[in-house]
$ cat work.txt   # compact mmCIF, C-alpha atoms
# COMPACT_ATOMS: atom_id res chain seq x y z
CA MET E 1 15.17 -97.24 -11.37
CA SER E 2 17.97 -99.78 -11.75
CA THR E 3 15.41 -102.46 -12.65
CA LEU E 4 13.95 -100.15 -15.27
CA LEU E 5 17.33 -99.33 -16.85
CA GLY E 6 18.62 -102.89 -16.45
CA HIS E 7 15.61 -104.40 -18.19
CA TYR E 8 14.71 -101.60 -20.60
CA ASN E 9 16.27 -103.36 -23.60
CA TYR E 10 14.52 -106.65 -22.84
CA TRP E 11 11.13 -105.01 -22.39
CA ILE E 12 11.34 -103.09 -25.64
CA VAL E 13 12.43 -106.32 -27.32
CA ILE E 14 9.28 -107.98 -25.98
CA VAL E 15 7.12 -105.10 -27.25
CA LEU E 16 8.73 -105.45 -30.70
CA MET E 17 8.34 -109.22 -30.58
CA MET E 18 4.64 -108.88 -29.77
CA THR E 19 4.23 -106.27 -32.52
CA GLY E 20 5.54 -108.83 -34.99
CA PHE E 21 3.46 -111.62 -33.45
CA TYR E 22 0.29 -109.48 -33.66
CA THR E 23 0.99 -108.72 -37.32
CA VAL E 24 1.34 -112.42 -38.06
CA ILE E 25 -1.89 -113.49 -36.36
CA ALA E 26 -4.16 -110.49 -36.96
CA ARG E 27 -3.32 -109.26 -40.47
CA PRO E 28 -4.76 -111.24 -43.37
CA ASN E 29 -2.28 -110.10 -46.03
CA LEU E 30 0.48 -112.67 -46.55
CA VAL E 31 3.21 -110.11 -47.37
CA LYS E 32 2.32 -108.28 -44.15
CA LYS E 33 2.58 -111.55 -42.25
CA ILE E 34 6.11 -112.10 -43.59
CA ILE E 35 7.01 -108.55 -42.54
CA GLY E 36 5.61 -109.41 -39.10
CA LEU E 37 7.92 -112.41 -38.93
CA PHE E 38 10.78 -110.13 -39.97
CA ILE E 39 10.04 -107.76 -37.05
CA PHE E 40 9.79 -110.72 -34.68
CA GLN E 41 13.09 -112.08 -35.96
CA THR E 42 14.91 -108.75 -35.60
CA SER E 43 13.63 -108.42 -32.03
CA VAL E 44 15.22 -111.77 -31.19
CA PHE E 45 18.48 -110.51 -32.72
CA ILE E 46 18.33 -107.43 -30.46
CA LEU E 47 17.66 -109.67 -27.44
CA PHE E 48 20.78 -111.74 -28.11
CA ILE E 49 23.00 -108.74 -28.83
CA SER E 50 21.73 -106.94 -25.70
CA MET E 51 22.71 -109.95 -23.61
CA ALA E 52 26.18 -109.96 -25.20
CA LYS E 53 26.87 -106.36 -24.13
CA VAL E 54 29.30 -105.89 -21.24
CA GLU E 55 29.18 -102.52 -19.47
CA GLY E 56 32.35 -100.59 -20.36
CA GLY E 57 33.39 -103.24 -22.89
CA THR E 58 34.26 -102.71 -26.52
CA ALA E 59 33.78 -104.59 -29.80
CA PRO E 60 35.42 -108.06 -29.63
CA ILE E 61 38.42 -107.25 -31.82
CA ILE E 62 41.61 -107.83 -29.81
CA GLU E 63 43.66 -104.64 -29.65
CA GLU E 64 46.36 -103.46 -27.29
CA GLY E 65 45.11 -101.08 -24.67
CA TYR E 66 41.75 -102.78 -24.22
CA SER E 67 41.02 -105.61 -21.85
CA LEU E 68 37.23 -105.75 -21.61
CA TYR E 69 35.33 -107.02 -24.63
CA SER E 70 31.66 -107.77 -25.25
CA ASN E 71 30.74 -111.43 -25.64
CA PRO E 72 31.54 -112.55 -29.23
CA LEU E 73 29.51 -115.76 -29.18
CA PRO E 74 26.00 -114.22 -29.51
CA HIS E 75 27.41 -111.99 -32.27
CA VAL E 76 28.44 -115.05 -34.26
CA LEU E 77 25.07 -116.75 -33.74
CA ILE E 78 23.15 -113.66 -34.83
CA LEU E 79 25.42 -112.82 -37.77
CA THR E 80 24.67 -116.15 -39.39
CA ALA E 81 21.02 -116.00 -38.27
CA ILE E 82 20.57 -112.74 -40.21
CA VAL E 83 21.77 -114.32 -43.45
CA VAL E 84 19.74 -117.49 -42.87
CA GLY E 85 16.79 -115.20 -42.01
CA LEU E 86 17.09 -113.54 -45.42
CA ALA E 87 17.16 -116.92 -47.14
CA THR E 88 14.03 -118.12 -45.33
CA THR E 89 12.25 -114.79 -45.87
CA ALA E 90 13.00 -115.08 -49.59
CA LEU E 91 11.55 -118.60 -49.60
CA GLY E 92 8.42 -117.31 -47.81
CA LEU E 93 8.03 -114.47 -50.30
CA ALA E 94 8.49 -116.91 -53.20
CA LEU E 95 5.60 -118.97 -51.79
CA VAL E 96 3.50 -115.78 -51.52
CA VAL E 97 4.20 -115.02 -55.19
CA ARG E 98 3.10 -118.54 -56.17
CA ILE E 99 -0.04 -118.25 -54.02
CA GLN E 100 -0.85 -114.95 -55.75
CA GLU E 101 -0.54 -116.70 -59.13
CA ALA E 102 -2.66 -119.68 -58.08
CA TYR E 103 -5.43 -117.79 -56.24
CA GLY E 104 -5.17 -114.27 -57.67
CA THR E 105 -4.95 -112.82 -54.17
CA THR E 106 -2.63 -112.64 -51.18
CA ASN E 107 -5.46 -112.08 -48.72
CA GLU E 108 -5.84 -115.01 -46.36
CA ASP E 109 -9.63 -114.55 -45.96
CA ASP E 110 -10.18 -114.62 -49.75
CA ILE E 111 -8.00 -117.74 -50.05
CA HIS E 112 -10.11 -119.53 -47.40
CA VAL E 113 -13.32 -118.54 -49.22
CA GLN E 114 -11.93 -119.91 -52.53
CA ASP E 115 -10.83 -123.14 -50.85
CA GLU E 116 -14.27 -123.67 -49.33
CA THR E 117 -16.16 -123.09 -52.59
CA ASP E 118 -13.96 -125.56 -54.52
CA MET C 1 25.60 -91.27 -23.15
CA GLN C 2 25.62 -94.79 -24.49
CA HIS C 3 22.47 -95.54 -22.49
CA LEU C 4 20.78 -92.47 -23.91
CA VAL C 5 21.52 -93.51 -27.51
CA ASP C 6 20.33 -97.02 -26.69
CA ILE C 7 17.06 -95.73 -25.21
CA VAL C 8 16.38 -93.38 -28.13
CA LEU C 9 17.15 -96.02 -30.80
CA LEU C 10 14.92 -98.61 -29.13
CA GLY C 11 12.17 -96.00 -28.90
CA LEU C 12 12.49 -95.28 -32.63
CA LEU C 13 12.39 -99.02 -33.37
CA MET C 14 9.16 -99.30 -31.39
CA ILE C 15 7.53 -96.36 -33.20
CA THR C 16 8.56 -97.79 -36.59
CA GLY C 17 7.21 -101.21 -35.58
CA PHE C 18 3.80 -99.75 -34.64
CA ALA C 19 3.70 -97.75 -37.88
CA ILE C 20 4.40 -100.95 -39.87
CA VAL C 21 1.42 -102.70 -38.23
CA ARG C 22 -0.95 -99.78 -38.79
CA MET C 23 -0.17 -98.80 -42.38
CA ARG C 24 -2.01 -100.47 -45.24
CA SER C 25 0.12 -99.38 -48.20
CA LEU C 26 2.59 -102.22 -48.60
CA LEU C 27 5.07 -99.96 -50.43
CA ALA C 28 5.19 -97.65 -47.41
CA VAL C 29 5.46 -100.66 -45.11
CA THR C 30 8.42 -101.94 -47.16
CA MET C 31 10.24 -98.65 -46.79
CA LEU C 32 9.48 -98.58 -43.07
CA THR C 33 10.85 -102.12 -42.77
CA SER C 34 14.06 -100.89 -44.36
CA ILE C 35 14.23 -98.02 -41.85
CA TYR C 36 13.52 -100.47 -39.04
CA SER C 37 16.51 -102.55 -40.16
CA LEU C 38 18.73 -99.50 -40.36
CA PHE C 39 17.79 -98.50 -36.79
CA SER C 40 18.56 -101.99 -35.55
CA ALA C 41 21.93 -101.90 -37.37
CA LEU C 42 22.70 -98.63 -35.57
CA LEU C 43 21.69 -100.22 -32.28
CA PHE C 44 24.06 -103.14 -32.95
CA VAL C 45 26.94 -100.66 -33.33
CA VAL C 46 26.08 -99.11 -29.97
CA LEU C 47 25.96 -102.61 -28.45
CA ASP C 48 29.51 -103.39 -29.74
CA ALA C 49 28.34 -105.91 -32.35
CA VAL C 50 30.05 -104.31 -35.35
CA ASP C 51 30.08 -107.47 -37.48
CA VAL C 52 26.36 -107.97 -36.90
CA ALA C 53 25.66 -104.32 -37.71
CA LEU C 54 27.44 -104.62 -41.06
CA THR C 55 25.43 -107.73 -41.90
CA GLU C 56 22.11 -106.22 -40.83
CA ALA C 57 22.73 -103.00 -42.80
CA ALA C 58 23.61 -104.92 -45.97
CA ILE C 59 20.86 -107.53 -45.69
CA GLY C 60 17.97 -106.00 -43.75
CA ALA C 61 18.12 -102.51 -45.16
CA GLY C 62 19.45 -103.52 -48.59
CA ILE C 63 18.56 -106.89 -50.07
CA SER C 64 15.39 -107.57 -48.03
CA THR C 65 13.92 -104.27 -49.17
CA ILE C 66 14.53 -105.13 -52.83
CA LEU C 67 12.93 -108.57 -52.41
CA LEU C 68 9.90 -107.06 -50.64
CA LEU C 69 9.53 -104.44 -53.39
CA ALA C 70 9.70 -107.17 -56.04
CA THR C 71 7.03 -109.17 -54.18
CA VAL C 72 4.76 -106.13 -53.81
CA ALA C 73 5.16 -105.47 -57.55
CA LEU C 74 4.01 -109.05 -58.29
CA THR C 75 1.10 -109.00 -55.78
CA THR C 76 -1.03 -106.12 -54.50
CA GLU C 77 0.02 -102.75 -53.26
CA TYR C 78 -2.73 -102.23 -50.70
CA GLU C 79 -3.64 -104.50 -47.85
CA LYS C 80 -7.38 -105.15 -47.44
CA VAL C 81 -9.13 -104.30 -44.20
CA PRO C 82 -9.61 -107.57 -42.28
CA SER C 83 -13.18 -108.84 -42.61
CA HIS C 84 -13.51 -109.86 -39.00
CA ARG C 85 -12.24 -107.59 -36.26
CA SER C 86 -11.78 -109.66 -33.18
CA LEU C 87 -10.06 -108.77 -29.96
CA LEU C 88 -8.67 -112.29 -29.64
CA PRO C 89 -5.26 -111.59 -31.31
CA LEU C 90 -4.77 -108.52 -29.13
CA LEU C 91 -5.61 -110.52 -26.01
CA VAL C 92 -3.24 -113.36 -26.97
CA VAL C 93 -0.43 -110.89 -27.70
CA THR C 94 -0.96 -108.96 -24.44
CA LEU C 95 -0.98 -112.13 -22.35
CA THR C 96 2.12 -113.55 -24.06
CA GLY C 97 3.91 -110.21 -23.69
CA ALA C 98 3.01 -109.99 -19.99
CA ALA C 99 4.28 -113.53 -19.39
CA LEU C 100 7.54 -112.73 -21.18
CA ILE C 101 8.04 -109.50 -19.21
CA TYR C 102 7.45 -111.45 -16.00
CA GLY C 103 10.14 -113.86 -17.25
CA THR C 104 12.69 -111.06 -17.74
CA LEU C 105 12.52 -110.02 -14.08
CA ASP C 106 14.88 -112.86 -13.15
CA MET C 107 17.32 -111.98 -15.92
CA PRO C 108 20.67 -110.38 -15.09
CA HIS C 109 20.73 -106.65 -15.75
CA TYR C 110 21.75 -105.29 -19.14
CA GLY C 111 25.55 -104.96 -19.37
CA ASP C 112 26.21 -106.95 -16.20
CA PRO C 113 29.73 -108.42 -16.61
CA ASN C 114 28.91 -111.25 -14.17
CA ALA C 115 25.91 -112.54 -16.12
CA PRO C 116 26.05 -116.32 -16.73
CA VAL C 117 26.21 -115.75 -20.49
CA HIS C 118 29.66 -114.16 -20.07
CA ARG C 119 31.08 -116.87 -17.80
CA HIS C 120 30.84 -119.96 -19.95
CA VAL C 121 32.93 -120.38 -23.11
CA ALA C 122 33.14 -116.71 -24.14
CA PRO C 123 36.16 -115.80 -21.90
CA ASP C 124 38.07 -118.76 -23.37
CA TYR C 125 37.37 -117.59 -26.91
CA ILE C 126 38.62 -114.08 -26.09
CA GLU C 127 41.71 -115.28 -24.19
CA ASP C 128 42.76 -118.10 -26.52
CA THR C 129 42.11 -116.46 -29.89
CA PRO C 130 45.43 -114.51 -30.10
CA GLU C 131 47.59 -117.63 -29.48
CA GLU C 132 45.47 -120.37 -31.07
CA ILE C 133 44.07 -118.61 -34.11
CA GLY C 134 46.20 -115.49 -34.39
CA VAL C 135 43.49 -113.17 -35.73
CA PRO C 136 42.36 -110.07 -33.83
CA ASN C 137 38.66 -110.34 -34.70
CA VAL C 138 37.23 -112.86 -32.21
CA VAL C 139 33.92 -113.00 -34.06
CA THR C 140 35.73 -114.28 -37.15
CA SER C 141 37.74 -116.83 -35.17
CA VAL C 142 34.62 -118.21 -33.44
CA LEU C 143 32.58 -118.19 -36.66
CA ALA C 144 35.14 -119.75 -38.95
CA SER C 145 37.24 -121.88 -36.64
CA TYR C 146 35.85 -122.72 -33.19
CA ARG C 147 32.32 -123.14 -34.47
CA GLY C 148 33.13 -124.04 -38.07
CA TYR C 149 30.58 -126.89 -38.06
CA ASP C 150 27.72 -124.46 -37.31
CA THR C 151 28.78 -122.17 -40.10
CA LEU C 152 29.01 -125.04 -42.57
CA GLY C 153 25.43 -125.97 -41.58
CA GLU C 154 24.27 -122.40 -42.07
CA VAL C 155 25.88 -122.09 -45.49
CA THR C 156 24.09 -125.31 -46.44
CA VAL C 157 20.78 -123.82 -45.24
CA ILE C 158 21.38 -120.75 -47.42
CA PHE C 159 22.22 -122.98 -50.40
CA THR C 160 19.04 -125.01 -49.80
CA ALA C 161 16.94 -121.85 -49.62
CA GLY C 162 18.43 -120.77 -52.96
CA VAL C 163 17.47 -124.13 -54.46
CA GLY C 164 13.99 -123.73 -52.95
CA VAL C 165 13.46 -120.31 -54.53
CA LEU C 166 14.77 -121.67 -57.83
CA ALA C 167 12.25 -124.54 -57.63
CA LEU C 168 9.37 -122.19 -56.78
CA LEU C 169 10.07 -119.28 -59.12
CA GLY C 170 12.83 -120.28 -61.54
CA VAL C 171 14.85 -117.73 -63.46
CA HIS C 172 13.45 -116.50 -66.77
CA LEU C 173 15.97 -115.21 -69.24
CA ARG C 174 15.23 -111.77 -70.63
CA LYS C 175 16.26 -110.38 -73.98
CA ARG C 176 19.34 -108.19 -73.89
CA THR C 177 17.53 -105.44 -75.74
CA GLU C 178 14.78 -105.34 -73.16
CA GLN C 179 15.31 -102.11 -71.23
CA PRO C 180 13.57 -100.59 -68.22
CA SER C 181 10.67 -98.42 -69.45
CA ASP C 182 12.35 -95.24 -68.21
CA TYR C 183 15.80 -96.31 -69.46
CA HIS C 184 16.50 -93.01 -71.19
CA LYS C 185 15.68 -90.98 -68.10
CA LEU C 186 18.28 -92.89 -66.14
CA VAL C 187 21.43 -91.52 -67.82
CA VAL C 188 22.84 -89.88 -64.69
CA LEU C 189 21.97 -92.90 -62.60
CA ARG C 190 23.60 -95.25 -65.11
CA VAL C 191 26.84 -93.28 -65.24
CA ILE C 192 27.02 -93.15 -61.45
CA ALA C 193 26.16 -96.85 -61.19
CA LYS C 194 28.94 -97.72 -63.63
CA LEU C 195 31.33 -95.72 -61.50
CA PHE C 196 30.20 -97.42 -58.31
CA PHE C 197 30.00 -100.97 -59.65
CA PRO C 198 33.76 -101.75 -59.52
CA LEU C 199 34.13 -99.90 -56.23
CA ILE C 200 31.37 -101.99 -54.63
CA LEU C 201 33.01 -105.21 -55.80
CA LEU C 202 36.38 -103.98 -54.55
CA PHE C 203 34.87 -103.10 -51.18
CA ALA C 204 33.32 -106.57 -51.01
CA LEU C 205 36.75 -108.13 -51.52
CA TYR C 206 38.20 -105.83 -48.84
CA VAL C 207 35.46 -106.88 -46.40
CA LEU C 208 36.16 -110.53 -47.24
CA PHE C 209 39.94 -110.48 -46.84
CA HIS C 210 40.06 -107.94 -44.03
CA GLY C 211 37.50 -109.88 -41.99
CA ASP C 212 40.24 -111.33 -39.79
CA TYR C 213 41.33 -107.88 -38.63
CA GLY C 214 38.19 -105.78 -38.62
CA PRO C 215 34.44 -106.20 -38.92
CA GLY C 216 33.59 -108.27 -41.95
CA GLY C 217 33.89 -111.74 -43.41
CA GLY C 218 32.37 -114.04 -45.98
CA PHE C 219 28.70 -113.41 -45.18
CA GLN C 220 28.92 -109.62 -45.41
CA ALA C 221 31.25 -109.71 -48.42
CA GLY C 222 28.89 -112.04 -50.29
CA VAL C 223 25.95 -109.72 -49.72
CA ILE C 224 27.90 -106.61 -50.76
CA PHE C 225 29.19 -108.40 -53.87
CA ALA C 226 25.63 -109.33 -54.83
CA THR C 227 24.49 -105.74 -54.20
CA GLY C 228 26.89 -104.53 -56.90
CA PHE C 229 25.19 -106.75 -59.49
CA VAL C 230 21.73 -105.81 -58.21
CA LEU C 231 22.62 -102.14 -58.77
CA TYR C 232 23.80 -103.01 -62.28
CA ALA C 233 20.58 -104.91 -63.02
CA LEU C 234 18.45 -102.02 -61.72
CA THR C 235 20.14 -99.41 -63.90
CA HIS C 236 21.11 -101.38 -67.01
CA GLY C 237 18.17 -103.73 -67.36
CA LEU C 238 17.76 -107.32 -66.29
CA GLY C 239 18.67 -108.73 -69.72
CA ASN C 240 22.11 -107.14 -69.59
CA ALA C 241 22.72 -108.26 -66.01
CA GLU C 242 21.82 -111.83 -66.93
CA ARG C 243 24.51 -111.70 -69.61
CA VAL C 244 27.13 -110.31 -67.23
CA ILE C 245 26.52 -113.07 -64.74
CA PRO C 246 24.44 -115.91 -66.25
CA PRO C 247 21.97 -117.62 -63.85
CA ALA C 248 23.34 -121.05 -64.87
CA LEU C 249 26.78 -119.96 -63.66
CA LEU C 250 25.25 -118.74 -60.39
CA GLY C 251 23.85 -122.19 -59.71
CA ILE C 252 27.30 -123.72 -60.14
CA LEU C 253 28.90 -121.02 -57.95
CA ALA C 254 26.34 -121.53 -55.16
CA ALA C 255 27.26 -125.21 -55.01
CA ALA C 256 30.98 -124.50 -55.44
CA GLY C 257 31.10 -122.36 -52.29
CA VAL C 258 29.62 -125.12 -50.11
CA LEU C 259 31.91 -127.66 -51.77
CA LEU C 260 34.98 -125.47 -51.15
CA TYR C 261 34.02 -125.23 -47.47
CA SER C 262 33.57 -129.01 -47.13
CA ALA C 263 36.73 -129.65 -49.14
CA VAL C 264 38.76 -127.64 -46.60
CA GLY C 265 37.25 -129.86 -43.90
CA ILE C 266 38.10 -133.06 -45.75
CA GLU C 267 41.58 -131.79 -46.59
CA GLY C 268 42.17 -131.46 -42.84
CA MET C 269 41.14 -135.11 -42.43
CA LEU C 270 43.42 -136.25 -45.27
CA LEU C 271 46.35 -134.47 -43.62
CA GLY C 272 45.77 -136.41 -40.44
CA GLY C 273 43.60 -133.97 -38.47
CA LYS C 274 39.89 -133.90 -37.74
CA PHE C 275 37.14 -132.58 -40.01
CA LEU C 276 37.54 -128.77 -40.29
CA GLU C 277 40.78 -128.81 -38.27
CA TYR C 278 42.89 -126.08 -39.84
CA ASN C 279 46.05 -126.56 -37.73
CA VAL C 280 47.34 -129.28 -40.08
CA LEU C 281 46.82 -127.26 -43.27
CA ALA C 282 50.22 -125.53 -43.04
CA ASP C 283 53.57 -126.09 -41.35
CA ASP C 284 52.67 -124.26 -38.16
CA PRO C 285 49.18 -124.23 -36.59
CA VAL C 286 48.61 -120.46 -36.75
CA SER C 287 49.31 -120.17 -40.49
CA GLY C 288 47.13 -123.25 -40.95
CA GLN C 289 44.33 -121.43 -39.15
CA HIS C 290 44.86 -118.33 -41.32
CA LEU C 291 44.72 -120.37 -44.51
CA GLY C 292 41.69 -122.38 -43.37
CA ILE C 293 39.73 -119.29 -42.31
CA LEU C 294 40.53 -117.50 -45.56
CA LEU C 295 39.42 -120.47 -47.68
CA ILE C 296 36.18 -121.14 -45.86
CA GLU C 297 35.30 -117.43 -45.73
CA THR C 298 35.81 -117.34 -49.50
CA GLY C 299 33.53 -120.36 -49.85
CA VAL C 300 30.88 -118.65 -47.69
CA GLY C 301 31.20 -115.46 -49.73
CA ILE C 302 30.78 -117.27 -53.07
CA THR C 303 27.70 -119.19 -51.91
CA VAL C 304 26.03 -116.18 -50.27
CA ALA C 305 26.61 -113.91 -53.29
CA ALA C 306 25.40 -116.56 -55.75
CA VAL C 307 22.29 -117.48 -53.73
CA ILE C 308 21.28 -113.84 -53.23
CA LEU C 309 21.62 -113.19 -56.97
CA ILE C 310 19.64 -116.36 -57.78
CA ILE C 311 16.88 -115.19 -55.42
CA TYR C 312 16.99 -111.67 -56.87
CA PHE C 313 16.81 -112.87 -60.49
CA GLY C 314 14.05 -115.32 -59.52
CA PHE C 315 11.86 -112.52 -58.16
CA VAL C 316 12.49 -109.76 -60.68
CA SER C 317 12.51 -111.89 -63.83
CA ARG C 318 9.02 -113.20 -63.06
CA ARG C 319 6.23 -111.46 -64.92
CA PRO C 320 3.06 -110.50 -63.04
CA GLY C 321 0.54 -113.30 -63.54
CA GLY C 322 3.08 -116.10 -63.55
CA ALA C 323 5.22 -118.10 -65.92
CA ASP C 324 2.31 -118.78 -68.28
CA ALA C 325 1.44 -115.10 -68.64
CA GLN C 326 1.63 -113.53 -72.08
CA ASP C 327 4.99 -112.07 -72.98
CA PRO C 328 4.30 -108.39 -73.66
CA SER C 329 7.12 -107.98 -76.17
$ encode --input "work.txt" --output "structure tokens"
Amino acid sequence: MSTLLGHYNYWIVIVLMMTGFYTVIARPNLVKKIIGLFIFQTSVFILFISMAKVEGGTAPIIEEGYSLYSNPLPHVLILTAIVVGLATTALGLALVVRIQEAYGTTNEDDIHVQDETD
Amino acid sequence: MQHLVDIVLLGLLMITGFAIVRMRSLLAVTMLTSIYSLFSALLFVVLDAVDVALTEAAIGAGISTILLLATVALTTEYEKVPSHRSLLPLLVVTLTGAALIYGTLDMPHYGDPNAPVHRHVAPDYIEDTPEEIGVPNVVTSVLASYRGYDTLGEVTVIFTAGVGVLALLGVHLRKRTEQPSDYHKLVVLRVIAKLFFPLILLFALYVLFHGDYGPGGGFQAGVIFATGFVLYALTHGLGNAERVIPPALLGILAAAGVLLYSAVGIEGMLLGGKFLEYNVLADDPVSGQHLGILLIETGVGITVAAVILIIYFGFVSRRPGGADAQDPS
């Protein structure tokens, strides 16, 4: 029981991570692939933040009356990772838009067919 | 109680994730992605990461959704059924997942205060922040001061991504008279948006300058600031929004934020300290830290807001079919 509760967060994170991974490798639509990466990325965020949690702790803002705080370092790493994640997602989506304009489709299979016939 | 909320939220995240994989309407998937982000923001609050939650709510549930909608509008709304249905991806995913779950068995339990992750530098950050930096929010002190180099790197990455989107899509200026097709139906929305616009910008400034004391800081403030202009563009037409804040100005602002950040670093060197050492910026070290953090957070906020608006204008000002497509007007 303690193993189950103690690892519940990590296991769900792995399920989410694999959901994203599956979307990236099994779905031919490029927008869907980017969304898969987004799910994968968010699962990594949850993994880091879960590790930062201290039982009985509070948010790492120093205040009288509290002595136990959660670990602030993973919070910092993930905070910036979220913003960088948006920037890279936007770049990915911009590439998808350009692929749509060049090939007339965002379906990976159709793009391969067009490349082979050229 | 906290465990229960944690379990329920993770369960909801899992259900939303499965729904995203299964659905073929990309509009529905976009909305589900937004919900997925909102659930993860809620989870971050439960896990004590209030700064992260604020960022995730503003970015994941807000800006990402708008970018995905803009992309879906420029591409196709429905995903095609894959031509080949192989079990290989499922097998790969199952095996990888099983290996990862096996890997977690050695990990310290969730919430364990003696986990190695809590015994390295983190206690020092929490103990030393009140004397060395003098701000209550440890996340801000680590982000802006202890690990200022990292943050400078990340702001540069964001700036580069903005330049990348600009190179790929560009920003096309629209005529001021060009209105959304349902402009006249949007009267209520426009009045409300006008009312909210200054409040959103004010809130962004509060988040920026109050970041030392509560959750917030340059990253979140930049996103919220940009959201105000996105709301304006959505209700008043892109042409008007491009006049309020011209894309050329945004390019300069994006660079100015990074330059302000680096300038604070160099100023520290000129005053006899090291790069990004704030102690020398004022007469006593703590006020130097306050000044340094405020300046670099402002720089971060300017760059983030400008880059997000550049990306937004890049996506929504593009006409379906590309730059060469016929102008309908």
$ closest_residue --input "work.txt" --among "E:Ile111, E:Leu73, E:Leu93, E:Ile61" --to "Phe38 of chain E" --atoms "all atoms listed in the file"
E:Leu93
$ residues_near_point --input "work.txt" --point "(21.0, -119.6, -52.5)" --cutoff "6 Å" --atoms "only C-alpha atoms" --output "PyMOL selection string"
chain C and resi 158-159+161-162+307-308
$ write_last_selection --input "work.txt" --atoms "C-alpha atoms" --output "compact mmCIF listing (two decimals), in the coordinates of the input"
# COMPACT_ATOMS: atom_id res chain seq x y z
CA ILE C 158 21.38 -120.75 -47.42
CA PHE C 159 22.22 -122.98 -50.40
CA ALA C 161 16.94 -121.85 -49.62
CA GLY C 162 18.43 -120.77 -52.96
CA VAL C 307 22.29 -117.48 -53.73
CA ILE C 308 21.28 -113.84 -53.23
$ atom_distance --input "work.txt" --atom1 "atom CA of His75 of chain E" --atom2 "atom CA of His109 of chain C"
18.6 Å
$ residues_around --input "work.txt" --residues "segment 82-91 of chain E" --least-positions-apart "4" --cutoff "8 Å" --atoms "only C-alpha atoms" --output "list in words"
Ile34, Phe38, Gln41, Ile78 and Leu95 of chain E; Thr55, Glu56, Ile59, Gly60, Ser64, Leu67, Glu154, Val157, Ile158, Ala161, Gly162, Gly164, Val165, Phe219, Ile308 and Ile311 of chain C
$ closest_residue --input "work.txt" --among "C:Phe197, C:Phe313, C:Tyr213, C:Phe203" --to "chain E" --atoms "all atoms listed in the file"
C:Tyr213
